[in-house]
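S.K.: Can you keep this structure in mind? I'll have questions shortly.
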Amino acid sequence: MGKQENSVRTTGASKKRAFASVTTPNQSLQQLPPTKKRVVLGELTNSLNAGSIRTSGFGDAKQTEPKLRKTKKKKEKIDESVKSDIVGVSDVPQKCGYARLIYQHLHSLEVQDERRPFPNYMETVQTDVTVSMREILLDWLVEVADEYKLVSETLYLTVSYIDRFLTEHPLSRNKLQLLGVSCMLVASKYEEITPPHVEDFCYITDNTYTKEEVVNMERNVLKFLNFEMGTPTTKSFLRIFTRAAQDNGKVSDLQFEFLSCYLAEISLLDYDCLCFLPSVVAASVVFISRFIIQPDMHPWNLALQQYSGYEPSDLKDCVLTIYDLQKGIRGVSLRAVKEKYMQHKFKCVAALPSPKEIPWSYFDPLRNE
């Protein structure tokens, strides 16, 4: 059973990202074994041209869709697993006597310098890796996580490890993908019941790196983290805030939660979002989700303000940044995230329309009524 979960599902043609040559020549796409699918990240470049991201060798979402339709009973199980991953615990946090202490503890951890990447590490530390390369890598890792059916917290931890490692270690671009899969390997071992093997991560890179290289980079990451792999992420706070936000029956629970997760994941890819605390990103995501679903209703309330400790004005910059991401204004490549949340099991929240702008009055201080 565990082997089946860790093997990559067959979805037709192998997908391969193709970029301009950087350090090694382009390689032709090899014939894949019939039981596995390789989601290969091509060579990194400064270009974010949409045409250079995927070639005709890629399969598309429509090809993979029929493979998921086994039986109605199995589909229900898949949907339930997705729901449990999104929702988390079923108890409303306000009714848990330890909820406030848990939130305070997580907040005290997220502000620690050793748990936060420098928001300008690309300019001050890295000389060969660029912002666009980071976006390409993370977009690919979203796809890898989806292919291996990893829980969402694994993806968030992976991104946290990558950014924190790059904050202190200059890296050549030909090692960036190696860092990505090694960080996902570490995060998988921490979060997953049955994590993928080292060989799986070698395979998913089209064997660009050997098992020894992945293990060595994994060792470097663990030493850098001082083996403290747990850290608060946006997902940690999102589980709390989404429950606190559902204080009435007017919001469609699953749609709201899926939309919040979609917005949180697209924020992972935006380098500019590194300047915001994970709790601020989570609160901003809840703010935007409520606004998109009910634009005529104020997206923030006194209960959320009291629970999170953030006033609307505290969230303004982060809200506007993520809202522009959602509308495609910022020019960040979000193909894998959008394809993921265009699926029916996520209620196609990536296709939800949004108002042109958020009224500025929504950022004014709340009044007791």
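For the structure tokens, the naming scheme is as follows: chains receive sequential letters (A, B, ...) according to their order of presentation, residues are indexed from 1 within each chain, and ligands are indexed from 1 in presentation order.
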Could you pull out the helix (DSSP H, G or I) residues of region 91-314 of chain A, going by DSSP on the backbone, and write them as a count of residues only?

M.R.: 157

S.K.: With only C-alpha atoms as the counted atoms, please give the residues lying no more than 10 Å from Thr210 (chain A), apart from itself and same-chain residues fewer than 5 positions off, as a list in words.

M.R.: Leu178, Val198, Glu199, Phe201, Cys202, Tyr203, Thr205, Val215 and Asn216 of chain A

S.K.: Once you have the residues from the selection above, write them out as a tab-separated table (two decimals), in the first residue's frame, restricted to N, CA and C atoms.

M.R.:
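The resulting file, out.tsv, is reproduced below:
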```tsv
chain	number	residue	atom	x	y	z
A	178	LEU	N	18.61	20.63	-6.78
A	178	LEU	CA	19.09	19.67	-5.78
A	178	LEU	C	18.68	20.11	-4.38
A	198	VAL	N	14.65	8.39	-1.34
A	198	VAL	CA	15.66	9.21	-2.02
A	198	VAL	C	15.64	8.93	-3.51
A	199	GLU	N	15.48	7.65	-3.87
A	199	GLU	CA	15.47	7.27	-5.29
A	199	GLU	C	14.32	7.94	-6.04
A	201	PHE	N	13.13	10.91	-5.50
A	201	PHE	CA	13.49	12.30	-5.79
A	201	PHE	C	14.58	12.37	-6.86
A	202	CYS	N	15.42	11.37	-6.92
A	202	CYS	CA	16.39	11.31	-8.03
A	202	CYS	C	15.65	11.10	-9.34
A	203	TYR	N	14.69	10.20	-9.32
A	203	TYR	CA	13.93	9.88	-10.52
A	203	TYR	C	13.15	11.09	-11.03
A	205	THR	N	13.81	14.08	-10.90
A	205	THR	CA	14.68	15.07	-11.55
A	205	THR	C	15.32	14.50	-12.81
A	215	VAL	N	21.56	12.88	-0.75
A	215	VAL	CA	21.79	12.59	0.68
A	215	VAL	C	22.75	13.61	1.29
A	216	ASN	N	23.78	13.97	0.55
A	216	ASN	CA	24.73	14.96	1.07
A	216	ASN	C	24.08	16.32	1.26
```

S.K.: Counting only C-alpha atoms, figure out which residue out of A:Ala245, A:Leu225, A:Val151, A:Ile204 gets nearest to Ser289 (chain A).

M.R.: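 Using only C-alpha atoms, the shortest distance to Ser289 (chain A) belongs to A:Ala245.
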
S.K.: I need the residue nearest Leu185 (chain A) from this list: A:Asn207, A:Arg134, A:Glu123, A:Val159. Use only C-alpha atoms for the distance.

M.R.: A:Val159

S.K.: Within 8 Å of region 104-112 of chain A, which residues of region 253-308 of chain A come that close, and what is the closest atom pair and distance in Å for each? Count only C-alpha atoms and give it as JSON lines.

M.R.:
```
{"residue": "A:Leu277", "atom": "CA", "partner": "A:Glu110", "partner_atom": "CA", "distance": 7.0}
{"residue": "A:Pro278", "atom": "CA", "partner": "A:Glu110", "partner_atom": "CA", "distance": 7.2}
{"residue": "A:Ser279", "atom": "CA", "partner": "A:His107", "partner_atom": "CA", "distance": 7.3}
```

S.K.: Find, counting only C-alpha atoms, the residue in A:Tyr190, A:Glu257, A:Val144, A:Glu114 that gets nearest to Phe224 (chain A).

M.R.: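 For Phe224 (chain A), the nearest of the candidates is A:Glu114.
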
S.K.: Please measure the separation of CA of Phe237 (chain A) and CA of Glu135 (chain A), giving the value in Å to one decimal.

M.R.: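 Between these atoms lies a distance of 23.1 Å.
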
S.K.: Residues at most 8 Å from Val319 (chain A), counting only C-alpha atoms, excluding those fewer than 2 positions away in the same chain, as a list in words?

M.R.: Val281, Ser284, Val285, Phe287, Ile288, Leu315, Lys316, Asp317, Thr321, Ile322 and Tyr323 of chain A

S.K.: Residues within 9 Å of Cys275 (chain A), please, as an MDAnalysis selection string. Count only C-alpha atoms; anything in the same chain fewer than 6 positions from it doesn't count.

M.R.: chainID A and resid 117:120

S.K.: So which one's closest to Arg116 (chain A), A:Glu147, A:Glu212, A:Asp139, A:Asp163? Using only C-alpha atoms, please.

M.R.: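 Smallest distance to Arg116 (chain A) is found for A:Asp163.
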
S.K.: Write out as a list in words the residues lying within 10 Å of Ser236 (chain A), counting only C-alpha atoms and excluding same-chain residues fewer than 4 positions away.

M.R.: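 Surrounding residues, per the criterion: Gly88, Tyr103, Leu106, Glu153, Tyr156, Thr231, Pro232, Ile240, Phe241, Pro278, Ser279 and Ala282 of chain A.
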
S.K.: Just to confirm, what's the straight-line distance from CA of Gln343 (chain A) to CA of Cys318 (chain A) in Å (one decimal)?

M.R.: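 Going from CA of Gln343 (chain A) over to CA of Cys318 (chain A), I get 26.6 Å.
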
S.K.: CA of Cys183 (chain A) and CA of Glu218 (chain A), how far apart in Å?

M.R.: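 Separating CA of Glu218 (chain A) from CA of Cys183 (chain A) is a distance of 6.7 Å.
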